[in-house]
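Peer 1: Data file start_32.cif (mmCIF, N, CA and C atoms and all ligand atoms) is appended below.
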data_input
#
loop_
_atom_site.label_atom_id
_atom_site.label_comp_id
_atom_site.auth_asym_id
_atom_site.auth_seq_id
_atom_site.Cartn_x
_atom_site.Cartn_y
_atom_site.Cartn_z
N MET R 1 -238.61 151.67 35.54
CA MET R 1 -240.01 151.25 35.37
C MET R 1 -240.41 150.36 36.54
N VAL R 2 -241.50 150.72 37.19
CA VAL R 2 -242.00 149.91 38.30
C VAL R 2 -242.88 148.79 37.74
N ARG R 3 -242.58 147.55 38.09
CA ARG R 3 -243.37 146.42 37.62
C ARG R 3 -244.33 145.94 38.70
N LEU R 4 -245.60 145.84 38.34
CA LEU R 4 -246.60 145.36 39.30
C LEU R 4 -246.85 143.87 39.13
N ALA R 5 -246.76 143.36 37.88
CA ALA R 5 -247.03 141.95 37.63
C ALA R 5 -246.10 141.10 38.49
N GLY R 6 -246.66 140.11 39.15
CA GLY R 6 -245.86 139.22 39.97
C GLY R 6 -245.84 139.60 41.43
N LEU R 7 -246.24 140.85 41.75
CA LEU R 7 -246.28 141.24 43.16
C LEU R 7 -247.56 140.69 43.78
N PRO R 8 -247.50 140.25 45.04
CA PRO R 8 -248.69 139.72 45.71
C PRO R 8 -249.73 140.80 45.99
N GLU R 9 -250.99 140.41 45.93
CA GLU R 9 -252.11 141.33 46.15
C GLU R 9 -251.99 142.07 47.49
N ASP R 10 -251.65 141.35 48.56
CA ASP R 10 -251.61 142.01 49.88
C ASP R 10 -250.47 143.02 49.96
N TYR R 11 -249.36 142.74 49.25
CA TYR R 11 -248.26 143.73 49.23
C TYR R 11 -248.69 144.98 48.46
N ILE R 12 -249.32 144.78 47.29
CA ILE R 12 -249.77 145.93 46.49
C ILE R 12 -250.73 146.80 47.30
N LEU R 13 -251.71 146.16 47.96
CA LEU R 13 -252.67 146.93 48.73
C LEU R 13 -251.99 147.67 49.87
N SER R 14 -251.07 147.02 50.57
CA SER R 14 -250.39 147.69 51.69
C SER R 14 -249.62 148.91 51.20
N GLN R 15 -248.99 148.81 50.03
CA GLN R 15 -248.23 149.94 49.51
C GLN R 15 -249.14 151.05 49.01
N LEU R 16 -250.26 150.69 48.38
CA LEU R 16 -251.21 151.72 47.93
C LEU R 16 -251.76 152.49 49.13
N MET R 17 -252.08 151.77 50.21
CA MET R 17 -252.59 152.44 51.42
C MET R 17 -251.50 153.30 52.05
N ALA R 18 -250.24 152.81 52.04
CA ALA R 18 -249.13 153.58 52.62
C ALA R 18 -248.87 154.86 51.82
N PHE R 19 -249.02 154.77 50.49
CA PHE R 19 -248.88 155.97 49.66
C PHE R 19 -249.99 156.96 50.03
N ARG R 20 -251.21 156.43 50.16
CA ARG R 20 -252.36 157.31 50.38
C ARG R 20 -252.29 158.03 51.73
N ASN R 21 -251.81 157.32 52.76
CA ASN R 21 -251.78 157.98 54.07
C ASN R 21 -250.42 158.61 54.40
N GLY R 22 -249.50 158.62 53.41
CA GLY R 22 -248.24 159.32 53.59
C GLY R 22 -247.15 158.52 54.31
N GLN R 23 -247.43 157.26 54.66
CA GLN R 23 -246.41 156.44 55.33
C GLN R 23 -245.24 156.12 54.42
N ARG R 24 -245.52 155.95 53.12
CA ARG R 24 -244.44 155.69 52.17
C ARG R 24 -244.26 156.93 51.28
N GLN R 25 -243.05 157.48 51.33
CA GLN R 25 -242.72 158.63 50.50
C GLN R 25 -242.77 158.25 49.03
N ALA R 26 -243.23 159.17 48.19
CA ALA R 26 -243.35 158.87 46.76
C ALA R 26 -243.22 160.14 45.95
N THR R 27 -242.92 159.96 44.64
CA THR R 27 -242.86 161.11 43.75
C THR R 27 -244.24 161.40 43.16
N ILE R 28 -245.02 160.33 42.90
CA ILE R 28 -246.32 160.53 42.25
C ILE R 28 -247.43 159.67 42.84
N MET R 29 -247.07 158.49 43.38
CA MET R 29 -248.12 157.56 43.81
C MET R 29 -248.96 158.10 44.97
N HIS R 30 -248.42 159.00 45.78
CA HIS R 30 -249.23 159.56 46.87
C HIS R 30 -250.38 160.40 46.30
N GLN R 31 -250.10 161.04 45.12
CA GLN R 31 -251.16 161.84 44.51
C GLN R 31 -252.20 160.94 43.83
N ILE R 32 -251.71 159.91 43.13
CA ILE R 32 -252.63 159.02 42.42
C ILE R 32 -253.56 158.30 43.39
N THR R 33 -252.99 157.77 44.48
CA THR R 33 -253.80 156.95 45.39
C THR R 33 -254.84 157.76 46.15
N LYS R 34 -254.61 159.07 46.32
CA LYS R 34 -255.60 159.89 47.03
C LYS R 34 -256.88 160.05 46.22
N GLY R 35 -256.82 159.71 44.93
CA GLY R 35 -258.02 159.81 44.11
C GLY R 35 -258.92 158.60 44.18
N TYR R 36 -258.52 157.59 44.97
CA TYR R 36 -259.30 156.35 45.05
C TYR R 36 -259.76 156.06 46.47
N SER R 37 -260.95 155.47 46.60
CA SER R 37 -261.43 155.00 47.89
C SER R 37 -260.66 153.72 48.26
N GLN R 38 -260.76 153.31 49.52
CA GLN R 38 -260.10 152.06 49.93
C GLN R 38 -260.65 150.88 49.13
N GLU R 39 -261.94 150.89 48.89
CA GLU R 39 -262.55 149.79 48.12
C GLU R 39 -261.98 149.75 46.71
N GLN R 40 -261.77 150.91 46.09
CA GLN R 40 -261.20 150.95 44.74
C GLN R 40 -259.75 150.48 44.75
N LEU R 41 -258.98 150.84 45.80
CA LEU R 41 -257.59 150.37 45.89
C LEU R 41 -257.57 148.85 46.04
N GLU R 42 -258.53 148.30 46.79
CA GLU R 42 -258.61 146.84 46.94
C GLU R 42 -258.87 146.17 45.60
N THR R 43 -259.73 146.79 44.79
CA THR R 43 -260.03 146.25 43.46
C THR R 43 -258.79 146.28 42.57
N LEU R 44 -258.03 147.40 42.63
CA LEU R 44 -256.79 147.50 41.84
C LEU R 44 -255.77 146.46 42.29
N ALA R 45 -255.64 146.29 43.61
CA ALA R 45 -254.66 145.32 44.14
C ALA R 45 -255.04 143.90 43.71
N LYS R 46 -256.33 143.62 43.74
CA LYS R 46 -256.80 142.29 43.32
C LYS R 46 -256.48 142.06 41.84
N TYR R 47 -256.73 143.08 41.03
CA TYR R 47 -256.50 142.95 39.60
C TYR R 47 -255.01 142.76 39.29
N PHE R 48 -254.16 143.68 39.78
CA PHE R 48 -252.72 143.59 39.46
C PHE R 48 -252.08 142.41 40.17
N GLY R 49 -252.63 142.04 41.34
CA GLY R 49 -252.08 140.90 42.07
C GLY R 49 -252.34 139.57 41.38
N SER R 50 -253.26 139.57 40.41
CA SER R 50 -253.57 138.32 39.71
C SER R 50 -252.73 138.17 38.44
N LYS R 51 -251.92 139.19 38.10
CA LYS R 51 -251.10 139.16 36.88
C LYS R 51 -249.78 138.46 37.14
N LYS R 52 -249.39 137.56 36.24
CA LYS R 52 -248.11 136.84 36.40
C LYS R 52 -246.98 137.62 35.75
C1 LIG Z 101 -254.02 152.98 39.28
C2 LIG Z 101 -252.90 152.59 38.68
C3 LIG Z 101 -251.63 152.32 39.47
C4 LIG Z 101 -251.40 151.37 40.41
C5 LIG Z 101 -252.34 150.29 40.92
C6 LIG Z 101 -250.02 151.55 40.86
C7 LIG Z 101 -249.40 150.77 41.84
C8 LIG Z 101 -248.12 150.98 42.33
C9 LIG Z 101 -247.49 150.20 43.38
C10 LIG Z 101 -248.12 149.00 44.10
C11 LIG Z 101 -246.26 150.70 43.57
C12 LIG Z 101 -245.21 150.18 44.56
C13 LIG Z 101 -244.36 149.12 43.81
C14 LIG Z 101 -243.31 148.48 44.69
O1 LIG Z 101 -243.29 148.66 45.94
O2 LIG Z 101 -242.48 147.70 44.15
C15 LIG Z 101 -246.10 151.84 42.65
C16 LIG Z 101 -244.99 152.66 42.60
C17 LIG Z 101 -244.81 153.66 41.66
N1 LIG Z 101 -245.67 154.00 40.64
FE1 LIG Z 101 -247.59 153.37 40.49
N2 LIG Z 101 -249.45 152.60 40.18
C18 LIG Z 101 -250.40 153.10 39.33
C19 LIG Z 101 -250.24 154.16 38.46
C20 LIG Z 101 -249.06 154.83 38.23
C21 LIG Z 101 -248.86 155.86 37.21
C22 LIG Z 101 -249.95 156.35 36.26
C23 LIG Z 101 -247.57 156.27 37.31
C24 LIG Z 101 -246.80 157.28 36.50
C25 LIG Z 101 -247.38 158.30 35.88
C26 LIG Z 101 -246.96 155.52 38.39
C27 LIG Z 101 -245.65 155.64 38.81
C28 LIG Z 101 -245.10 155.02 39.91
C29 LIG Z 101 -243.82 155.39 40.50
C30 LIG Z 101 -242.86 156.47 39.98
C31 LIG Z 101 -243.65 154.55 41.62
C32 LIG Z 101 -242.51 154.60 42.64
C33 LIG Z 101 -243.01 155.40 43.85
C34 LIG Z 101 -243.08 156.92 43.56
O3 LIG Z 101 -242.04 157.56 43.48
O4 LIG Z 101 -244.21 157.45 43.42
N3 LIG Z 101 -247.89 154.65 38.91
N4 LIG Z 101 -247.24 151.97 41.91
#
What does the file become when written as structure tokens?
Peer 2:
Amino acid sequence: MVRLAGLPEDYILSQLMAFRNGQRQATIMHQITKGYSQEQLETLAKYFGSKK
């Protein structure tokens, strides 16, 4: 299970962008992230990055 809570916002955003542009290999996240704009990924990173 991948845990997002506790990860910093800037790390989450960097990984979401890396999944989207193919820099980070993935089983599923490359498909999920392609469905979101950069602005939407920023919103997700801000939300999950605020969780303890
Ligand atoms: C929009 C909601 C989601 C966000 C924001 C998100 C975010 C992330 C992030 C930031 C990572 C990297 C974690 C790390 O480096 O430690 C990750 C990895 C991963 N997530 Fe997600 N995730 C989402 C939805 C999902 C869903 C729905 C699934 C499963 C159906 C999933 C499965 C995985 C898996 C398996 C990985 C490991 C990389 C891979 O093989 O794809 N995620 N996710």
Peer 1: Skipping near chain neighbours, those fewer than 4 positions away, what residues fall within 6 Å of Arg20 (chain R) using only N, CA and C atoms, listed as a PyMOL selection string?
Peer 2: chain R and resi 15-16+29-30+33-34
Peer 1: Using only N, CA and C atoms and all ligand atoms, can you tell me which of R:Leu44, R:Glu9, R:Ser37, R:Ala18 comes closest to ligand LIG 101 (chain Z)?
Peer 2: R:Leu44
Peer 1: Using only N, CA and C atoms, can you tell me which of R:Leu13, R:Asn21, R:Thr27, R:Met1 comes closest to Leu41 (chain R)?
Peer 2: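 Looking only at the distances to Leu41 (chain R), the closest residue turns out to be R:Leu13.
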Peer 1: What does the distance between atom C10 of ligand LIG 101 (chain Z) and CA of Val2 (chain R) come to in Å, to one decimal place?
Peer 2: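 Taking atom C10 of ligand LIG 101 (chain Z) and CA of Val2 (chain R), their separation equals 8.5 Å.
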Peer 1: Kindly give the distance, in Å, that separates atom N of Arg3 (chain R) and atom N3 of ligand LIG 101 (chain Z), rounded to a single decimal.
Peer 2: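 Separating atom N of Arg3 (chain R) from atom N3 of ligand LIG 101 (chain Z) is a distance of 8.9 Å.
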Peer 1: Give me, please, the distance in Å between atom C of Gln25 (chain R) and atom C32 of ligand LIG 101 (chain Z), quoted to one decimal.
Peer 2: 7.4 Å
Peer 1: Using all atoms listed in the file, which of the listed residues (R:Ile32, R:Ser50, R:Ala26, R:Glu42) sits closest to Ala5 (chain R)?
Peer 2: R:Ser50
